[in-house]
Structures are given as C-alpha cells and as structure tokens.
$ cat coords14.tsv   # TSV, C-alpha atoms
chain	number	residue	atom	x	y	z
T	1	MET	CA	-2.20	12.84	6.64
T	2	ASN	CA	-3.27	16.03	8.34
T	3	ALA	CA	-1.72	16.12	11.80
T	4	SER	CA	-4.67	17.99	13.31
T	5	ALA	CA	-7.48	15.72	14.36
T	6	SER	CA	-11.01	16.68	15.25
T	7	PRO	CA	-12.33	16.55	18.83
T	8	ALA	CA	-14.48	13.62	17.75
T	9	PHE	CA	-11.39	11.62	16.90
T	10	TRP	CA	-9.80	12.24	20.32
T	11	ILE	CA	-13.01	11.33	22.13
T	12	VAL	CA	-13.36	8.07	20.20
T	13	ALA	CA	-9.65	7.28	20.60
T	14	ALA	CA	-9.76	7.88	24.35
T	15	ALA	CA	-12.84	5.70	24.71
T	16	MET	CA	-11.21	2.84	22.79
T	17	VAL	CA	-8.02	3.06	24.87
T	18	GLY	CA	-10.12	3.07	28.05
T	19	VAL	CA	-11.90	-0.09	26.95
T	20	ALA	CA	-8.56	-1.72	26.17
T	21	LEU	CA	-7.16	-0.84	29.60
T	22	ALA	CA	-10.30	-2.17	31.25
T	23	PHE	CA	-9.50	-5.56	29.76
T	24	VAL	CA	-5.75	-5.45	30.38
T	25	LEU	CA	-5.28	-4.02	33.87
T	26	PRO	CA	-7.43	-6.48	35.91
T	27	ARG	CA	-5.52	-9.40	34.42
T	28	LEU	CA	-2.12	-7.84	35.12
T	29	LEU	CA	-3.04	-6.87	38.68
T	30	SER	CA	-4.23	-10.37	39.49
T	31	ARG	CA	-1.85	-12.48	41.60
T	32	LYS	CA	-2.86	-15.62	39.72
T	33	PRO	CA	-0.27	-16.32	37.05
T	34	PRO	CA	-1.58	-16.94	33.56
T	35	GLN	CA	-1.59	-20.52	32.36
T	36	ARG	CA	1.34	-21.71	30.31
T	37	GLY	CA	0.70	-22.88	26.82
T	38	THR	CA	0.38	-21.57	23.31
T	39	SER	CA	0.69	-17.78	23.11
T	40	ARG	CA	-2.67	-16.12	22.69
T	41	ALA	CA	-1.03	-13.19	20.89
T	42	ALA	CA	0.76	-15.55	18.50
T	43	LEU	CA	-2.48	-17.36	17.67
T	44	ASN	CA	-4.52	-14.20	17.21
T	45	ALA	CA	-1.87	-12.25	15.31
T	46	GLU	CA	-2.36	-14.47	12.27
T	47	VAL	CA	-6.12	-14.01	12.48
T	48	CYS	CA	-5.74	-10.24	12.70
T	49	ARG	CA	-3.41	-10.18	9.72
T	50	GLY	CA	-6.04	-11.99	7.70
T	51	GLN	CA	-8.71	-9.57	8.86
T	52	LEU	CA	-6.54	-6.59	7.86
T	53	ALA	CA	-5.99	-8.12	4.43
T	54	ASP	CA	-9.75	-8.62	4.04
T	55	LEU	CA	-10.34	-5.00	5.01
T	56	GLU	CA	-7.80	-3.83	2.42
T	57	ARG	CA	-9.51	-5.86	-0.30
T	58	GLU	CA	-12.98	-4.59	0.65
T	59	ARG	CA	-11.81	-0.99	0.67
T	60	ALA	CA	-9.97	-1.40	-2.63
T	61	SER	CA	-13.04	-2.96	-4.26
T	62	GLY	CA	-15.31	-0.20	-2.99
T	63	ALA	CA	-17.35	-2.50	-0.77
T	64	LEU	CA	-16.23	-0.65	2.37
T	65	ALA	CA	-16.39	3.11	2.90
T	66	ILE	CA	-13.20	4.88	3.93
T	67	ALA	CA	-14.61	5.86	7.34
T	68	ASP	CA	-15.80	2.32	8.06
T	69	TYR	CA	-12.43	0.96	6.97
T	70	ALA	CA	-10.56	3.28	9.35
T	71	ALA	CA	-12.78	2.40	12.30
T	72	ALA	CA	-12.54	-1.34	11.65
T	73	ARG	CA	-8.77	-1.21	11.26
T	74	ALA	CA	-8.40	0.71	14.52
T	75	GLU	CA	-10.47	-1.92	16.32
T	76	ILE	CA	-8.28	-4.75	14.97
T	77	GLU	CA	-5.12	-2.91	16.01
T	78	ARG	CA	-6.62	-2.40	19.47
T	79	ARG	CA	-7.22	-6.14	19.77
T	80	VAL	CA	-3.61	-6.83	18.80
T	81	LEU	CA	-2.42	-4.57	21.61
T	82	VAL	CA	-4.77	-6.20	24.11
T	83	ASP	CA	-3.68	-9.71	23.12
T	84	ALA	CA	-0.03	-8.74	23.42
T	85	ALA	CA	-0.65	-7.44	26.93
T	86	PHE	CA	-2.52	-10.60	27.97
T	87	ASP	CA	0.41	-12.70	26.81
T	88	GLU	CA	2.90	-11.02	29.14
T	89	ARG	CA	4.51	-13.33	31.77
T	90	PRO	CA	5.55	-11.68	35.07
T	91	ALA	CA	9.29	-12.00	35.77
T	92	ALA	CA	8.84	-12.33	39.52
T	93	ARG	CA	6.17	-12.38	42.22
T	94	GLY	CA	4.70	-8.95	42.68
T	95	GLY	CA	5.72	-7.75	39.23
T	96	GLY	CA	2.14	-7.54	38.04
T	97	ARG	CA	1.59	-4.04	39.37
T	98	LYS	CA	4.73	-2.74	37.68
T	99	ALA	CA	3.64	-4.35	34.42
T	100	ALA	CA	0.17	-2.84	34.84
T	101	MET	CA	1.63	0.63	35.30
T	102	ALA	CA	3.88	0.17	32.27
T	103	ILE	CA	1.01	-1.02	30.11
T	104	ALA	CA	-1.27	1.76	31.35
T	105	LEU	CA	1.32	4.30	30.23
T	106	ALA	CA	2.49	2.59	27.05
T	107	LEU	CA	-0.84	1.41	25.62
T	108	PRO	CA	-2.37	4.85	24.97
T	109	VAL	CA	0.88	6.10	23.43
T	110	ALA	CA	1.21	3.00	21.24
T	111	ALA	CA	-2.42	3.19	20.16
T	112	VAL	CA	-2.11	6.83	19.10
T	113	ILE	CA	1.15	6.18	17.24
T	114	LEU	CA	-0.29	3.17	15.42
T	115	TYR	CA	-3.39	5.05	14.41
T	116	PHE	CA	-1.45	8.07	13.17
T	117	VAL	CA	0.76	5.75	11.11
T	118	PHE	CA	-1.97	3.50	9.67
T	119	GLY	CA	-5.27	5.27	10.25
T	120	ASN	CA	-7.09	8.41	9.26
T	121	PRO	CA	-8.42	10.51	12.17
T	122	GLU	CA	-10.43	12.70	9.80
T	123	ALA	CA	-12.47	9.62	8.88
T	124	ILE	CA	-14.30	9.97	12.22
T	125	ASP	CA	-16.06	13.03	10.83
T	126	VAL	CA	-18.57	11.12	8.76
T	127	SER	CA	-20.88	13.18	6.59
T	128	PRO	CA	-24.64	12.64	6.88
T	129	THR	CA	-24.68	11.02	3.43
T	130	THR	CA	-22.03	8.52	4.44
T	131	ALA	CA	-23.73	7.80	7.76
T	132	GLN	CA	-27.00	6.96	6.05
T	133	GLY	CA	-25.46	4.72	3.39
T	134	ALA	CA	-21.87	4.38	2.28
T	135	LEU	CA	-21.20	4.91	-1.40
T	136	THR	CA	-19.86	1.94	-3.31
T	137	ALA	CA	-18.79	1.44	-6.91
T	138	ALA	CA	-21.85	-0.77	-7.40
T	139	SER	CA	-24.43	1.58	-5.86
T	140	ASP	CA	-23.35	4.80	-7.60
T	141	PRO	CA	-20.20	4.51	-9.75
T	142	ALA	CA	-20.06	8.20	-10.69
T	143	ALA	CA	-20.47	9.44	-7.11
T	144	PHE	CA	-18.05	6.82	-5.84
T	145	ARG	CA	-15.45	7.98	-8.40
T	146	ARG	CA	-15.87	11.59	-7.29
T	147	GLN	CA	-15.46	10.58	-3.66
T	148	LEU	CA	-12.42	8.47	-4.50
T	149	ASP	CA	-10.84	11.25	-6.59
T	150	ALA	CA	-11.32	13.69	-3.72
T	151	HIS	CA	-9.80	11.22	-1.29
T	152	LEU	CA	-6.76	10.69	-3.52
T	153	ALA	CA	-6.33	14.43	-3.98
T	154	ALA	CA	-6.10	14.75	-0.19
T	155	ASN	CA	-4.10	11.55	0.24
T	156	PRO	CA	-1.79	11.29	-2.81
T	157	ARG	CA	0.25	8.48	-1.28
T	158	ASP	CA	-2.68	6.13	-0.67
T	159	GLY	CA	-1.59	3.26	-2.92
T	160	ARG	CA	-4.66	1.18	-2.21
T	161	GLY	CA	-6.83	4.12	-3.21
T	162	PHE	CA	-5.14	4.21	-6.62
T	163	VAL	CA	-5.66	0.45	-6.91
T	164	ALA	CA	-9.37	0.98	-6.22
T	165	ARG	CA	-9.54	3.63	-8.94
T	166	ALA	CA	-7.67	1.36	-11.36
T	167	ARG	CA	-10.15	-1.45	-10.74
T	168	LEU	CA	-13.02	0.94	-11.29
T	169	ASP	CA	-11.46	1.96	-14.61
T	170	MET	CA	-11.03	-1.69	-15.58
T	171	ALA	CA	-14.71	-2.33	-14.91
T	172	GLU	CA	-15.53	0.58	-17.24
T	173	ASP	CA	-13.11	-0.62	-19.96
T	174	ARG	CA	-10.83	2.40	-19.40
T	175	TYR	CA	-7.71	0.29	-19.72
T	176	ALA	CA	-5.11	3.00	-20.30
T	177	GLU	CA	-6.37	4.96	-17.29
T	178	ALA	CA	-6.39	1.77	-15.20
T	179	ALA	CA	-2.79	1.01	-16.17
T	180	ALA	CA	-1.76	4.54	-15.18
T	181	SER	CA	-3.44	4.20	-11.78
T	182	PHE	CA	-1.82	0.82	-11.13
T	183	ALA	CA	1.56	2.35	-12.01
T	184	LYS	CA	0.90	5.24	-9.60
T	185	ALA	CA	-0.13	2.86	-6.82
T	186	ILE	CA	3.11	0.91	-7.17
T	187	GLU	CA	5.13	4.13	-7.28
T	188	VAL	CA	3.75	5.72	-4.12
T	189	ALA	CA	3.20	2.68	-1.88
T	190	PRO	CA	6.01	0.18	-1.19
T	191	LYS	CA	3.50	-2.24	0.31
T	192	VAL	CA	1.48	-2.25	-2.90
T	193	ALA	CA	4.70	-2.73	-4.88
T	194	ARG	CA	5.22	-5.98	-2.95
T	195	ASP	CA	1.80	-7.32	-3.95
T	196	ALA	CA	2.14	-9.82	-6.81
T	197	ASP	CA	-1.59	-9.64	-7.56
T	198	VAL	CA	-1.37	-5.89	-8.24
T	199	TRP	CA	1.49	-6.44	-10.70
T	200	CYS	CA	-0.70	-8.98	-12.51
T	201	GLU	CA	-3.62	-6.57	-12.64
T	202	TYR	CA	-1.26	-3.89	-13.96
T	203	ALA	CA	-0.07	-6.28	-16.69
T	204	ASP	CA	-3.68	-7.16	-17.57
T	205	ALA	CA	-4.68	-3.50	-17.84
T	206	LEU	CA	-1.66	-2.63	-19.97
T	207	GLY	CA	-2.24	-5.67	-22.18
T	208	MET	CA	-5.86	-4.68	-22.77
T	209	ALA	CA	-4.79	-1.09	-23.46
T	210	GLN	CA	-2.47	-2.31	-26.23
T	211	GLY	CA	-5.08	-4.41	-27.95
T	212	GLY	CA	-5.33	-7.50	-25.80
T	213	THR	CA	-1.75	-8.75	-26.14
T	214	LEU	CA	0.65	-9.52	-23.31
T	215	ALA	CA	3.73	-8.99	-25.47
T	216	GLY	CA	6.31	-6.44	-24.37
T	217	LYS	CA	5.93	-4.61	-21.09
T	218	PRO	CA	2.99	-6.69	-19.80
T	219	THR	CA	5.25	-9.75	-19.93
T	220	GLU	CA	7.88	-7.83	-17.95
T	221	LEU	CA	5.28	-6.95	-15.33
T	222	ILE	CA	4.25	-10.60	-15.04
T	223	GLY	CA	7.92	-11.41	-14.45
T	224	ARG	CA	7.96	-8.88	-11.60
T	225	ALA	CA	4.95	-10.63	-10.05
T	226	LEU	CA	6.68	-14.01	-10.26
T	227	ALA	CA	9.82	-12.53	-8.72
T	228	ILE	CA	7.72	-11.51	-5.71
T	229	ASP	CA	5.77	-14.78	-5.50
T	230	GLY	CA	6.78	-17.61	-7.79
T	231	ARG	CA	3.67	-19.58	-6.79
T	232	ASN	CA	1.13	-16.83	-7.47
T	233	ALA	CA	-1.70	-18.45	-9.41
T	234	LYS	CA	-2.59	-15.39	-11.49
T	235	ALA	CA	1.05	-14.77	-12.39
T	236	LEU	CA	1.60	-18.39	-13.45
T	237	GLU	CA	-1.56	-18.37	-15.56
T	238	MET	CA	-0.62	-15.09	-17.26
T	239	ALA	CA	3.00	-16.15	-17.77
T	240	GLY	CA	1.75	-19.28	-19.55
T	241	SER	CA	-0.61	-17.22	-21.69
T	242	ALA	CA	2.18	-14.79	-22.64
T	243	ALA	CA	4.46	-17.70	-23.55
T	244	TYR	CA	1.74	-19.36	-25.64
T	245	GLU	CA	1.10	-16.05	-27.40
T	246	ARG	CA	4.74	-15.83	-28.50
T	247	ALA	CA	4.64	-19.49	-29.59
T	248	ASP	CA	6.90	-20.67	-26.75
T	249	PHE	CA	4.68	-23.67	-26.12
T	250	ARG	CA	7.14	-25.53	-23.90
T	251	ALA	CA	7.35	-22.56	-21.53
T	252	ALA	CA	3.57	-22.21	-21.56
T	253	ALA	CA	3.13	-25.87	-20.62
T	254	ALA	CA	5.74	-25.53	-17.86
T	255	TYR	CA	4.05	-22.49	-16.28
T	256	TRP	CA	0.60	-24.07	-16.46
T	257	THR	CA	1.84	-27.41	-15.12
T	258	ASP	CA	3.25	-25.58	-12.09
T	259	LEU	CA	-0.13	-23.92	-11.62
T	260	LEU	CA	-2.03	-27.20	-12.08
T	261	ALA	CA	-0.10	-28.77	-9.20
T	262	ARG	CA	-1.63	-26.14	-6.91
T	263	MET	CA	-5.22	-26.65	-8.06
T	264	THR	CA	-7.88	-29.05	-6.80
T	265	PRO	CA	-8.28	-32.08	-9.06
T	266	GLY	CA	-11.76	-32.77	-10.34
T	267	THR	CA	-12.83	-29.14	-10.63
T	268	PRO	CA	-13.84	-27.56	-13.97
T	269	ALA	CA	-10.91	-25.14	-13.75
T	270	TYR	CA	-8.50	-28.05	-13.25
T	271	ALA	CA	-9.88	-29.90	-16.26
T	272	GLU	CA	-9.77	-26.78	-18.44
T	273	LEU	CA	-6.14	-26.06	-17.55
T	274	ALA	CA	-5.15	-29.69	-18.07
T	275	THR	CA	-6.61	-29.50	-21.57
T	276	ALA	CA	-4.67	-26.31	-22.26
T	277	ILE	CA	-1.44	-27.99	-21.12
T	278	GLN	CA	-2.06	-30.93	-23.46
T	279	ARG	CA	-2.68	-28.52	-26.32
T	280	ALA	CA	0.54	-26.64	-25.56
T	281	GLU	CA	2.53	-29.87	-25.33
T	282	ARG	CA	1.17	-31.03	-28.71
T	283	ARG	CA	2.09	-27.70	-30.27
T	284	ALA	CA	5.55	-27.93	-28.72
T	285	ALA	CA	6.05	-31.42	-30.15
T	286	LEU	CA	5.03	-30.22	-33.61
T	287	SER	CA	7.21	-27.12	-33.51
T	288	LEU	CA	10.13	-27.20	-35.94
T	289	PRO	CA	13.61	-26.98	-34.39
T	290	SER	CA	15.57	-23.82	-34.98
T	291	VAL	CA	17.81	-23.59	-38.08
T	292	ALA	CA	20.93	-23.70	-35.92
T	293	ALA	CA	19.80	-26.98	-34.36
T	294	THR	CA	18.74	-28.65	-37.61
T	295	PRO	CA	21.07	-31.56	-38.54
T	296	GLY	CA	23.20	-30.90	-41.63
T	297	ASN	CA	23.35	-27.10	-41.12

$ encode --input "coords14.tsv" --output "structure tokens"
Amino acid sequence: MNASASPAFWIVAAAMVGVALAFVLPRLLSRKPPQRGTSRAALNAEVCRGQLADLERERASGALAIADYAAARAEIERRVLVDAAFDERPAARGGGRKAAMAIALALPVAAVILYFVFGNPEAIDVSPTTAQGALTAASDPAAFRRQLDAHLAANPRDGRGFVARARLDMAEDRYAEAAASFAKAIEVAPKVARDADVWCEYADALGMAQGGTLAGKPTELIGRALAIDGRNAKALEMAGSAAYERADFRAAAAYWTDLLARMTPGTPAYAELATAIQRAERRAALSLPSVAATPGN
C-alpha cells in the first residue's frame, strides 16, 4: 500500500477518531463505575468478526465497491476500539482520568495503525463514476474486470482481489484462468490460504479446466481443505464426489454420511444426499474384492 495518503483521508480519519473519543472519554471521566457483568467488548467482538467476514464476501463477489469496503471496515474497527475502551475497569478510585488520558493518546495511534495495516487510504478518493454508482460484476462485467485488474496491478498482494477475479472467471467459464487466480490468491495471502472454501473453489476450477474430473490435483486440493476444516460442507461433498469418481464407493459413502449429519433433516438437499449415500453403499456392496483378498489366491 502506498504510504502517502491524501488530505481527504487524514480529514476523514481525524473526524472518525474524534467521534470515537467523544464516546469514550465521558464514560472514562465519570466517577460512576461501570456495572459488572458480561463484557461488552467480548459480546460485540464476535458480531464484528461476522460483519468483517460478510464484508470480505461482498467485496470478493463484486457486490461491494473497494472504496465502500474500506470505509465500512474502518467503521467496524472503530467500533471495536470503542467497545474495548468501554469495557475497561478502573483499578482504583480516581483512576478514570488517567485511563482517559491514556485512551485519548492511544486511540488515535491505534486507529491509524489498524487502518494502515488493514485499510486503503487511497480508497477515500472516490472517482465521480464510483460515487454515482459502484461498478459490480453484475452491472458491467467488462468494466468491473478492468477496475479489478487495475486494483490488482496496484495491490499485487490482495488475495481477496484475486479470489474475486477467479470467481468472475468461473462465471464466464474461464476455468483455467480461474484456477490460476485462485492459486495466486493462496500464494500471496496467508489468510486466504487458511480458507477451506477457497481451496474447494480452486479444486472445482481446476477440475472443470481438466474436463470436469476431480482426479489428480483437484483431489489433493480437496484434501488441503479438509486438513484446514474437516467439517467443511463443500469439502466433504467434493471429497465424496472424488471418491465416487474413482470407484471408492465406501469412502464416498463415509464422506457424505459425515456431511449428512450436519444437514437439516427433511430438506430436499438432505433427501438428495441420503439417496446418493444409499447408491454408494449399494455399489460398495456389489464391488468385487481385490485379487489379493479373494479366498483361494
């Protein structure tokens, strides 16, 4: 990320920090101790993590413009800092003023550091086109691709950006290009490399690129997804499909049975998978034993 930020960024950042301090300082300066009970920061942290994950998915799918994503993420991070400050318990009577001074000094520094690590100050400079209507893959795929390519050229380590481009390629049946983008995303972003769903999408793209089969490397990629999250629904479904494809019907039934236990009974998807398991189990029962295991050999 370019270290130099525009004046607009600093103005917006200062305003956001000022708002945060306006919420934090009056509470810390009050003599009334906060009520004991469940930590507000602990309760809200989980909510904020979910919101950040939603933002990542919306940006990756093209539903959220890069500038809007950056602004929304900064707002969530600001709320995390505010909640953490509200949750502070004074060590002794009269310590509120010291805590207020510490927060007043630390909060701006922490906010700037967090934004420089996770955000994009240049995103404040929104072009007139973006301000009037953000481009999405659905509204104008060609323009969105150009915008995404330009973003990735300026930010070559944006793993989620490469995931977005891979998904765009998948939608356009450009499977080899999608597989290459998924591979790049995993290479440049450790966080993406820890996402089991991305490994599954990578396996799907590579399988489609090689004619619709999961044999070979796609199966290895599915294994990587299961190593990250052994309960991942997409990974279990694909692992069962790969096993069925290579005629390992017992393994297919085992993977799908594990997945079925995590599904809601009575749904069409549950019934469909249950039927597939029965089919795999019948095929497994009819499979001939190996020559080495055949009696008399």

$ atom_distance --input "coords14.tsv" --atom1 "atom CA of Asp197 of chain T" --atom2 "atom CA of His151 of chain T"
23.3 Å

$ atom_distance --input "coords14.tsv" --atom1 "atom CA of Ala235 of chain T" --atom2 "atom CA of Trp199 of chain T"
8.5 Å

$ atom_distance --input "coords14.tsv" --atom1 "atom CA of Ala193 of chain T" --atom2 "atom CA of Asp158 of chain T"
12.3 Å

$ closest_residue --input "coords14.tsv" --among "T:Ala239, T:Pro141, T:Ala209, T:Trp256" --to "Tyr270 of chain T" --atoms "only C-alpha atoms"
T:Trp256

$ closest_residue --input "coords14.tsv" --among "T:Ala203, T:Met208, T:Ala242, T:Met170" --to "Leu221 of chain T" --atoms "all atoms listed in the file"
T:Ala203

$ closest_residue --input "coords14.tsv" --among "T:Arg231, T:Ala179, T:Ala185, T:Arg262" --to "Asn155 of chain T" --atoms "all atoms listed in the file"
T:Ala185
